[in-house]
$ cat input-v6.txt   # compact mmCIF, C-alpha atoms and all ligand atoms
# COMPACT_ATOMS: atom_id res chain seq x y z
CA MET A 1 -19.65 -64.26 54.82
CA ASN A 2 -16.95 -62.82 57.05
CA ARG A 3 -13.49 -64.13 56.41
CA VAL A 4 -11.16 -65.23 59.16
CA VAL A 5 -7.81 -63.59 59.85
CA ILE A 6 -5.31 -65.34 62.14
CA VAL A 7 -2.92 -63.01 63.98
CA THR A 8 -0.09 -64.79 65.79
CA GLY A 9 1.07 -62.77 68.81
CA GLY A 10 -2.16 -60.80 68.69
CA SER A 11 -2.34 -60.08 72.39
CA ARG A 12 0.00 -57.07 72.51
CA GLY A 13 1.84 -54.48 70.46
CA ILE A 14 1.61 -54.60 66.67
CA GLY A 15 -0.39 -57.86 66.65
CA ARG A 16 -3.02 -56.34 68.93
CA ALA A 17 -3.35 -53.29 66.68
CA VAL A 18 -3.67 -55.55 63.62
CA ALA A 19 -6.36 -57.67 65.30
CA LEU A 20 -8.42 -54.57 66.16
CA ALA A 21 -7.91 -53.00 62.72
CA VAL A 22 -8.93 -56.06 60.69
CA ALA A 23 -11.92 -56.65 62.98
CA ALA A 24 -13.01 -53.06 62.32
CA ARG A 25 -12.98 -53.95 58.58
CA GLY A 26 -15.38 -56.85 59.21
CA HIS A 27 -13.01 -59.78 59.55
CA ASP A 28 -13.41 -62.46 62.21
CA VAL A 29 -10.16 -62.71 64.13
CA VAL A 30 -8.22 -65.53 65.76
CA VAL A 31 -5.99 -63.87 68.35
CA GLY A 32 -2.94 -66.02 69.05
CA TYR A 33 -0.89 -65.49 72.20
CA ALA A 34 2.10 -67.17 73.85
CA SER A 35 1.29 -66.86 77.55
CA ASN A 36 -0.61 -63.65 78.29
CA LYS A 37 -4.20 -64.95 78.19
CA ALA A 38 -5.57 -61.87 79.97
CA ALA A 39 -4.18 -59.58 77.27
CA ALA A 40 -5.56 -61.79 74.47
CA ASP A 41 -8.97 -61.94 76.19
CA GLU A 42 -8.95 -58.14 76.42
CA VAL A 43 -8.42 -57.88 72.64
CA VAL A 44 -11.25 -60.37 72.03
CA GLY A 45 -13.48 -58.39 74.42
CA GLN A 46 -12.76 -55.14 72.62
CA ILE A 47 -13.56 -56.70 69.23
CA GLU A 48 -16.82 -58.15 70.56
CA ALA A 49 -17.77 -54.82 72.14
CA GLY A 50 -17.46 -53.31 68.65
CA GLY A 51 -19.85 -55.94 67.25
CA GLY A 52 -17.11 -58.18 65.81
CA LYS A 53 -16.22 -61.83 66.31
CA ALA A 54 -12.95 -63.12 67.76
CA ILE A 55 -11.46 -65.99 69.72
CA ALA A 56 -8.21 -66.22 71.67
CA VAL A 57 -6.04 -69.32 71.15
CA LYS A 58 -2.84 -70.08 73.04
CA CYS A 59 -0.12 -70.74 70.47
CA ASP A 60 3.60 -70.62 71.12
CA VAL A 61 4.90 -70.59 67.54
CA GLY A 62 7.99 -72.42 68.82
CA SER A 63 5.72 -75.48 69.12
CA GLU A 64 4.43 -77.30 66.03
CA ALA A 65 1.67 -78.90 68.13
CA ASP A 66 0.47 -75.44 69.21
CA ILE A 67 0.48 -74.26 65.57
CA LEU A 68 -1.55 -77.28 64.41
CA ASN A 69 -4.06 -76.60 67.21
CA LEU A 70 -4.25 -72.89 66.27
CA PHE A 71 -5.26 -73.75 62.71
CA LYS A 72 -7.69 -76.46 63.92
CA GLN A 73 -9.45 -73.88 66.10
CA ALA A 74 -9.45 -71.43 63.18
CA ASP A 75 -11.02 -74.10 60.89
CA GLN A 76 -13.90 -74.46 63.34
CA PHE A 77 -14.29 -70.67 63.55
CA GLY A 78 -14.74 -69.99 59.81
CA SER A 79 -13.14 -69.78 56.39
CA LEU A 80 -9.54 -68.55 56.45
CA TRP A 81 -8.65 -65.46 54.42
CA ALA A 82 -5.37 -64.27 55.88
CA LEU A 83 -2.53 -65.26 58.17
CA ILE A 84 -0.61 -62.46 59.87
CA ASN A 85 2.73 -64.00 60.85
CA ASN A 86 3.36 -61.45 63.58
CA ALA A 87 4.71 -63.36 66.60
CA GLY A 88 8.39 -62.62 67.05
CA ILE A 89 11.04 -62.20 69.72
CA VAL A 90 14.26 -60.36 70.41
CA ASP A 91 16.82 -61.18 73.09
CA GLN A 92 19.11 -59.11 75.31
CA ALA A 93 21.43 -56.80 73.39
CA ALA A 94 24.72 -58.61 72.72
CA ARG A 95 27.49 -59.02 70.17
CA LEU A 96 27.69 -62.28 68.22
CA ASP A 97 30.79 -63.28 70.22
CA GLY A 98 28.56 -63.29 73.31
CA MET A 99 25.67 -65.37 71.93
CA SER A 100 25.08 -68.98 72.95
CA ALA A 101 23.99 -71.76 70.60
CA ALA A 102 20.80 -72.07 72.65
CA ARG A 103 19.97 -68.41 72.06
CA LEU A 104 20.57 -68.69 68.31
CA SER A 105 18.43 -71.84 68.08
CA ARG A 106 15.55 -70.27 69.99
CA MET A 107 15.65 -67.15 67.81
CA MET A 108 15.47 -69.19 64.61
CA THR A 109 12.90 -71.64 66.02
CA VAL A 110 10.44 -68.91 66.98
CA ASN A 111 11.03 -66.26 64.32
CA VAL A 112 11.81 -68.42 61.28
CA VAL A 113 10.60 -72.00 61.78
CA GLY A 114 7.46 -70.83 63.59
CA SER A 115 6.53 -68.42 60.80
CA MET A 116 7.28 -71.02 58.11
CA LEU A 117 5.15 -73.67 59.81
CA CYS A 118 2.27 -71.19 60.13
CA ALA A 119 2.70 -70.30 56.44
CA ARG A 120 2.67 -74.01 55.58
CA GLU A 121 -0.63 -74.53 57.39
CA ALA A 122 -2.13 -71.42 55.78
CA THR A 123 -0.97 -72.60 52.33
CA LYS A 124 -2.74 -75.95 52.80
CA ARG A 125 -5.99 -74.08 53.42
CA LEU A 126 -5.71 -71.15 51.01
CA SER A 127 -3.98 -72.47 47.89
CA THR A 128 -6.24 -73.41 44.97
CA LYS A 129 -3.90 -76.38 44.49
CA HIS A 130 -5.26 -77.70 47.79
CA GLY A 131 -8.88 -76.81 46.97
CA GLY A 132 -8.74 -73.43 48.76
CA LYS A 133 -10.22 -70.15 47.57
CA GLY A 134 -7.05 -68.06 47.90
CA GLY A 135 -5.97 -65.53 50.48
CA VAL A 136 -3.02 -63.62 51.88
CA ILE A 137 -0.03 -64.37 54.09
CA VAL A 138 1.64 -61.35 55.72
CA ASN A 139 5.09 -61.81 57.26
CA LEU A 140 6.38 -59.35 59.86
CA SER A 141 10.00 -58.59 59.03
CA SER A 142 12.03 -55.68 60.40
CA ARG A 143 14.31 -52.90 59.15
CA ALA A 144 16.90 -54.83 61.18
CA ALA A 145 16.96 -57.35 58.30
CA VAL A 146 18.60 -54.64 56.18
CA LEU A 147 20.54 -52.74 58.88
CA GLY A 148 21.97 -55.88 60.53
CA ALA A 149 21.58 -54.65 64.14
CA PRO A 150 25.34 -54.69 64.97
CA GLY A 151 26.15 -54.80 68.69
CA GLN A 152 22.49 -55.36 69.46
CA TYR A 153 20.99 -58.50 67.95
CA ILE A 154 22.45 -59.80 64.70
CA ASP A 155 20.57 -63.05 65.40
CA TYR A 156 17.24 -61.24 65.24
CA ALA A 157 18.29 -59.35 62.09
CA ALA A 158 19.29 -62.65 60.46
CA SER A 159 15.97 -64.23 61.38
CA LYS A 160 14.11 -61.35 59.74
CA ALA A 161 16.33 -61.52 56.62
CA ALA A 162 15.29 -65.18 56.39
CA ILE A 163 11.66 -64.07 56.61
CA ASP A 164 12.22 -61.70 53.68
CA ALA A 165 13.49 -64.67 51.63
CA VAL A 166 10.42 -66.68 52.59
CA THR A 167 8.18 -63.83 51.44
CA THR A 168 9.90 -63.69 48.06
CA GLY A 169 10.11 -67.44 47.57
CA LEU A 170 6.69 -68.45 48.84
CA GLY A 171 5.05 -65.52 47.05
CA ARG A 172 6.48 -66.80 43.77
CA GLU A 173 5.75 -70.44 44.65
CA LEU A 174 2.07 -69.60 45.18
CA GLY A 175 1.81 -66.88 42.53
CA ASN A 176 -0.57 -68.91 40.37
CA GLU A 177 -2.49 -70.47 43.28
CA GLY A 178 -4.53 -67.49 44.51
CA VAL A 179 -2.31 -66.77 47.51
CA ARG A 180 -0.41 -63.50 47.86
CA VAL A 181 2.57 -63.48 50.24
CA VAL A 182 3.73 -60.06 51.40
CA GLY A 183 5.99 -58.68 54.10
CA VAL A 184 6.17 -55.55 56.22
CA ARG A 185 9.44 -54.17 57.59
CA PRO A 186 8.59 -51.96 60.58
CA GLY A 187 11.15 -49.44 61.78
CA LEU A 188 11.21 -48.30 65.42
CA ILE A 189 7.73 -48.97 66.78
CA ASP A 190 6.61 -48.11 70.30
CA THR A 191 5.82 -51.54 71.84
CA GLU A 192 6.94 -53.70 74.77
CA ILE A 193 9.34 -55.73 72.59
CA HIS A 194 12.18 -53.32 73.43
CA ALA A 195 11.84 -54.10 77.15
CA SER A 196 12.46 -57.76 76.36
CA GLY A 197 15.68 -56.64 74.64
CA GLY A 198 16.70 -55.10 77.97
CA ASP A 199 16.08 -51.44 77.04
CA ALA A 200 12.45 -50.32 77.21
CA GLU A 201 13.42 -46.83 75.99
CA PHE A 202 15.39 -48.12 72.96
CA ALA A 203 12.97 -47.01 70.25
CA ARG A 204 12.11 -43.65 71.84
CA ARG A 205 15.81 -42.87 72.46
CA LEU A 206 16.63 -43.38 68.78
CA ALA A 207 13.65 -41.39 67.53
CA ASN A 208 15.87 -38.50 66.41
CA THR A 209 17.79 -40.87 64.07
CA VAL A 210 14.61 -41.52 62.07
CA PRO A 211 14.15 -39.19 59.08
CA MET A 212 10.61 -38.49 60.29
CA GLN A 213 12.08 -37.73 63.77
CA ARG A 214 9.69 -39.99 65.65
CA VAL A 215 8.89 -43.62 66.45
CA GLY A 216 5.96 -45.30 64.72
CA THR A 217 2.78 -46.55 66.36
CA PRO A 218 1.46 -50.13 66.17
CA GLU A 219 -1.59 -48.67 64.40
CA GLU A 220 0.60 -47.33 61.58
CA ILE A 221 1.86 -50.87 60.92
CA ALA A 222 -1.68 -52.24 61.20
CA ASN A 223 -2.92 -49.75 58.59
CA ALA A 224 -0.35 -51.04 56.07
CA ILE A 225 -1.41 -54.62 56.78
CA VAL A 226 -5.11 -53.77 56.37
CA TRP A 227 -4.26 -52.52 52.87
CA LEU A 228 -2.03 -55.49 52.05
CA ILE A 229 -4.77 -58.04 52.84
CA SER A 230 -7.43 -56.05 50.96
CA GLU A 231 -8.42 -56.43 47.30
CA ASP A 232 -6.84 -52.99 46.76
CA ALA A 233 -3.46 -54.78 46.93
CA SER A 234 -4.55 -57.55 44.53
CA TYR A 235 -1.39 -57.34 42.34
CA VAL A 236 1.06 -57.10 45.26
CA THR A 237 2.94 -60.29 46.11
CA ALA A 238 6.43 -61.65 46.83
CA THR A 239 7.56 -58.27 48.13
CA THR A 240 8.23 -56.57 51.47
CA MET A 241 7.24 -52.99 52.28
CA ASP A 242 9.19 -50.70 54.62
CA VAL A 243 6.96 -48.89 57.14
CA SER A 244 9.70 -47.09 58.99
CA GLY A 245 9.44 -43.31 58.69
CA GLY A 246 12.36 -43.45 56.25
CA ARG A 247 14.72 -45.36 58.60
P1 LIG A 301 5.63 -57.36 71.48
O1 LIG A 301 5.05 -56.06 71.88
O2 LIG A 301 6.77 -57.94 72.26
O3 LIG A 301 4.45 -58.44 71.41
C1 LIG A 301 4.80 -59.74 71.10
C2 LIG A 301 3.55 -60.56 70.82
O4 LIG A 301 3.99 -61.84 70.33
C3 LIG A 301 2.72 -60.82 72.05
O5 LIG A 301 1.38 -60.97 71.63
C4 LIG A 301 3.28 -62.15 72.56
O6 LIG A 301 2.33 -62.94 73.28
C5 LIG A 301 3.61 -62.84 71.26
N1 LIG A 301 4.69 -63.81 71.38
C6 LIG A 301 5.91 -63.69 71.96
N2 LIG A 301 6.61 -64.83 71.84
C7 LIG A 301 5.80 -65.69 71.17
C8 LIG A 301 5.90 -67.04 70.77
N3 LIG A 301 7.01 -67.79 71.02
N4 LIG A 301 4.86 -67.61 70.13
C9 LIG A 301 3.74 -66.91 69.88
N5 LIG A 301 3.56 -65.63 70.24
C10 LIG A 301 4.58 -65.04 70.88
O7 LIG A 301 6.15 -57.32 69.95
P2 LIG A 301 5.87 -56.24 68.78
O8 LIG A 301 6.82 -55.11 68.95
O9 LIG A 301 4.42 -55.98 68.66
O10 LIG A 301 6.38 -57.07 67.50
C11 LIG A 301 5.52 -57.78 66.64
C12 LIG A 301 6.31 -58.19 65.41
O11 LIG A 301 6.82 -57.04 64.76
C13 LIG A 301 7.51 -59.07 65.71
O12 LIG A 301 7.65 -60.05 64.70
C14 LIG A 301 8.67 -58.11 65.68
O13 LIG A 301 9.88 -58.74 65.38
C15 LIG A 301 8.23 -57.16 64.59
N6 LIG A 301 8.88 -55.85 64.66
C16 LIG A 301 8.70 -55.03 65.72
C17 LIG A 301 9.35 -53.80 65.76
C18 LIG A 301 9.21 -52.81 66.90
O14 LIG A 301 9.95 -51.81 66.92
N7 LIG A 301 8.30 -53.04 67.84
C19 LIG A 301 10.19 -53.44 64.71
C20 LIG A 301 10.37 -54.31 63.66
C21 LIG A 301 9.69 -55.52 63.63
P3 LIG A 301 2.11 -62.78 74.89
O15 LIG A 301 1.31 -61.52 75.08
O16 LIG A 301 1.36 -63.99 75.26
O17 LIG A 301 3.48 -62.69 75.48
$ encode --input "input-v6.txt" --output "structure tokens" --more "lines below"
Ligand code: NAP
Amino acid sequence: MNRVVIVTGGSRGIGRAVALAVAARGHDVVVGYASNKAAADEVVGQIEAGGGKAIAVKCDVGSEADILNLFKQADQFGSLWALINNAGIVDQAARLDGMSAARLSRMMTVNVVGSMLCAREATKRLSTKHGGKGGVIVNLSSRAAVLGAPGQYIDYAASKAAIDAVTTGLGRELGNEGVRVVGVRPGLIDTEIHASGGDAEFARRLANTVPMQRVGTPEEIANAIVWLISEDASYVTATTMDVSGGR
């Protein structure tokens, strides 16, 4: 039986690459998206054209009701194996002394609370304590969690540092319940997220600061996640892996 993988923010960028990569390994995929239905439908279409199964579900992870509906749709689709907590946002580059309370709240609501609520729902389905058969939760962090992103977005860096703590804590909490919790810290990856930070060229401009002298591709992050959710990573939990070209 194919096992279901939920990818939040699966319509574009890294999430899209993850959805396509796990489908190519035989998983059925729930492609979450915030607003871009056409992009999510395109991902579903591409998976189906390759002989796979996928559905697109609108889910703004800033909304608990949307998250509950996402998991309800996934329950009807098949047996959950993995949650990829990928949906995440940045905001316009700013110093902390220029950030509003509303901005900080939104950042934490989407990046931290959203990911934790998704992890909660996955835990209820996967943990042997709840009658589940086990599985994997993958949290998308960022090298910003370590570097701090001064002058750019400390709020985003802080949200990803919180995600790293969730990966460690939840991984240990569920260590004996069949659920592995792992994180990935991408470096500079060529996606549209940088445009939403106000500088579409941000990653490419900094490429020469990366030890490998280039930005990464969404597929290179997806390949790490494919391994992390596979049985090949069966002893890997409560840890976060840098996939950053040495940055
Ligand atoms: P992206 O290209 O901006 O794509 C964002 C995806 O998330 C889209 O599918 C979007 O859906 C969805 N999304 C946005 N806001 C959402 C919300 N409130 N609820 C649910 N879905 C939402 O981003 P990306 O670069 O692929 O980043 C993916 C993850 O990797 C993020 O967690 C990000 O922080 C992390 N990351 C990225 C980089 C990088 O350099 N790109 C580096 C480190 C970490 P719509 O299509 O509907 O808008």
$ closest_atom_pairs --input "input-v6.txt" --of "range 65-180 of chain A" --to "range 13-28 of chain A" --cutoff "12 Å" --atoms "all atoms listed in the file" --output "tab-separated table"
residue	atom	partner	partner_atom	distance
A:Ala74	CA	A:Asp28	CA	9.9
A:Asp75	CA	A:Asp28	CA	12.0
A:Phe77	CA	A:Asp28	CA	8.4
A:Gly78	CA	A:Asp28	CA	8.0
A:Ser79	CA	A:Asp28	CA	9.4
A:Leu80	CA	A:Asp28	CA	9.2
A:Trp81	CA	A:His27	CA	8.8
A:Ala82	CA	A:His27	CA	9.6
A:Leu83	CA	A:Ala19	CA	11.1
A:Ile84	CA	A:Gly15	CA	8.2
A:Asn85	CA	A:Gly15	CA	9.0
A:Asn86	CA	A:Gly15	CA	6.0
A:Ala87	CA	A:Gly15	CA	7.5
A:Gly88	CA	A:Gly15	CA	10.0
A:Val138	CA	A:Val18	CA	11.1
A:Asn139	CA	A:Gly15	CA	11.6
A:Leu140	CA	A:Ile14	CA	9.6
$ residues_around --input "input-v6.txt" --residues "Ile89 in chain A" --least-positions-apart "2" --cutoff "12 Å" --atoms "all atoms listed in the file" --output "JSON, numbers by chain"
{"A": [9, 34, 60, 61, 62, 86, 87, 91, 92, 103, 104, 106, 107, 108, 109, 110, 111, 112, 114, 115, 140, 141, 142, 153, 155, 156, 157, 159, 160, 192, 193, 194, 195, 196, 197]}
$ residues_around --input "input-v6.txt" --residues "Ile229 in chain A" --least-positions-apart "4" --cutoff "9 Å" --atoms "only C-alpha atoms" --output "PDB file with C-alpha atoms, keeping the file's coordinate frame"
ATOM      1  CA  TRP A  81      -8.650 -65.460  54.420  1.00  0.00           C
ATOM      2  CA  ALA A  82      -5.370 -64.270  55.880  1.00  0.00           C
ATOM      3  CA  GLY A 135      -5.970 -65.530  50.480  1.00  0.00           C
ATOM      4  CA  VAL A 136      -3.020 -63.620  51.880  1.00  0.00           C
ATOM      5  CA  ILE A 137      -0.030 -64.370  54.090  1.00  0.00           C
ATOM      6  CA  VAL A 138       1.640 -61.350  55.720  1.00  0.00           C
ATOM      7  CA  ARG A 180      -0.410 -63.500  47.860  1.00  0.00           C
ATOM      8  CA  VAL A 182       3.730 -60.060  51.400  1.00  0.00           C
ATOM      9  CA  ALA A 224      -0.350 -51.040  56.070  1.00  0.00           C
ATOM     10  CA  ILE A 225      -1.410 -54.620  56.780  1.00  0.00           C
ATOM     11  CA  ALA A 233      -3.460 -54.780  46.930  1.00  0.00           C
ATOM     12  CA  SER A 234      -4.550 -57.550  44.530  1.00  0.00           C
TER      13      SER A 234
END
$ residues_around --input "input-v6.txt" --residues "Thr123 in chain A" --least-positions-apart "5" --cutoff "12 Å" --atoms "all atoms listed in the file" --output "list in words"
Phe71, Leu80, Trp81, Ala82, Leu83, Met116, Leu117, Cys118, Thr128, Lys129, His130, Gly131, Gly132, Lys133, Gly134, Gly135, Val136, Ile137, Leu170, Gly171, Glu173, Leu174, Gly175, Glu177, Gly178, Val179, Arg180 and Val181 of chain A
$ atom_distance --input "input-v6.txt" --atom1 "CA of Ala39 in chain A" --atom2 "atom O17 of ligand LIG 301 (chain A)"
8.5 Å
$ build_atoms --input "input-v6.txt" --residues "range 118-129 of chain A" --atoms "all heavy atoms" --output "compact mmCIF listing (two decimals), in the frame of the given file"
# COMPACT_ATOMS: atom_id res chain seq x y z
N CYS A 118 3.58 -71.86 60.25
CA CYS A 118 2.27 -71.19 60.13
C CYS A 118 1.94 -70.96 58.66
O CYS A 118 0.80 -71.19 58.23
CB CYS A 118 2.27 -69.87 60.89
SG CYS A 118 2.24 -70.06 62.69
N ALA A 119 2.92 -70.53 57.88
CA ALA A 119 2.70 -70.30 56.44
C ALA A 119 2.35 -71.61 55.74
O ALA A 119 1.51 -71.64 54.83
CB ALA A 119 3.93 -69.66 55.82
N ARG A 120 2.99 -72.69 56.16
CA ARG A 120 2.67 -74.01 55.58
C ARG A 120 1.21 -74.37 55.82
O ARG A 120 0.49 -74.76 54.90
CB ARG A 120 3.57 -75.08 56.21
CG ARG A 120 3.34 -76.49 55.69
CD ARG A 120 4.05 -77.54 56.53
NE ARG A 120 3.38 -77.74 57.82
CZ ARG A 120 3.88 -78.48 58.82
NH1 ARG A 120 5.06 -79.06 58.69
NH2 ARG A 120 3.21 -78.62 59.95
N GLU A 121 0.77 -74.19 57.07
CA GLU A 121 -0.63 -74.53 57.39
C GLU A 121 -1.61 -73.63 56.65
O GLU A 121 -2.66 -74.08 56.20
CB GLU A 121 -0.85 -74.47 58.90
CG GLU A 121 -0.12 -75.55 59.67
CD GLU A 121 -0.38 -76.95 59.11
OE1 GLU A 121 -1.56 -77.33 59.00
OE2 GLU A 121 0.59 -77.64 58.77
N ALA A 122 -1.26 -72.34 56.53
CA ALA A 122 -2.13 -71.42 55.78
C ALA A 122 -2.18 -71.82 54.31
O ALA A 122 -3.26 -71.82 53.69
CB ALA A 122 -1.63 -69.99 55.93
N THR A 123 -1.03 -72.20 53.74
CA THR A 123 -0.97 -72.60 52.33
C THR A 123 -1.90 -73.79 52.06
O THR A 123 -2.62 -73.82 51.06
CB THR A 123 0.48 -72.98 51.96
OG1 THR A 123 1.30 -71.83 52.13
CG2 THR A 123 0.57 -73.46 50.52
N LYS A 124 -1.90 -74.76 52.98
CA LYS A 124 -2.74 -75.95 52.80
C LYS A 124 -4.22 -75.59 52.75
O LYS A 124 -5.02 -76.30 52.16
CB LYS A 124 -2.52 -76.93 53.96
CG LYS A 124 -1.19 -77.65 53.92
CD LYS A 124 -1.11 -78.57 55.13
CE LYS A 124 0.24 -79.23 55.25
NZ LYS A 124 0.36 -79.93 56.55
N ARG A 125 -4.58 -74.48 53.38
CA ARG A 125 -5.99 -74.08 53.42
C ARG A 125 -6.35 -73.08 52.33
O ARG A 125 -7.50 -73.05 51.88
CB ARG A 125 -6.31 -73.49 54.80
CG ARG A 125 -6.38 -74.58 55.86
CD ARG A 125 -6.11 -74.03 57.24
NE ARG A 125 -6.26 -75.07 58.25
CZ ARG A 125 -5.29 -75.94 58.60
NH1 ARG A 125 -4.11 -75.87 58.02
NH2 ARG A 125 -5.53 -76.85 59.53
N LEU A 126 -5.40 -72.25 51.93
CA LEU A 126 -5.71 -71.15 51.01
C LEU A 126 -5.44 -71.48 49.54
O LEU A 126 -6.17 -71.01 48.65
CB LEU A 126 -4.89 -69.90 51.38
CG LEU A 126 -5.12 -69.33 52.78
CD1 LEU A 126 -4.16 -68.16 53.02
CD2 LEU A 126 -6.56 -68.88 52.97
N SER A 127 -4.40 -72.25 49.27
CA SER A 127 -3.98 -72.47 47.89
C SER A 127 -5.05 -73.21 47.08
O SER A 127 -5.62 -74.21 47.54
CB SER A 127 -2.68 -73.29 47.88
OG SER A 127 -2.47 -73.80 46.58
N THR A 128 -5.28 -72.73 45.85
CA THR A 128 -6.24 -73.41 44.97
C THR A 128 -5.75 -74.82 44.65
O THR A 128 -6.56 -75.71 44.38
CB THR A 128 -6.42 -72.61 43.67
OG1 THR A 128 -5.12 -72.36 43.10
CG2 THR A 128 -7.13 -71.28 43.93
N LYS A 129 -4.44 -75.03 44.73
CA LYS A 129 -3.90 -76.38 44.49
C LYS A 129 -4.41 -77.37 45.53
O LYS A 129 -4.52 -78.57 45.27
CB LYS A 129 -2.36 -76.31 44.54
CG LYS A 129 -1.66 -77.60 44.23
CD LYS A 129 -0.18 -77.37 44.01
CE LYS A 129 0.50 -78.69 43.76
NZ LYS A 129 1.34 -79.13 44.84
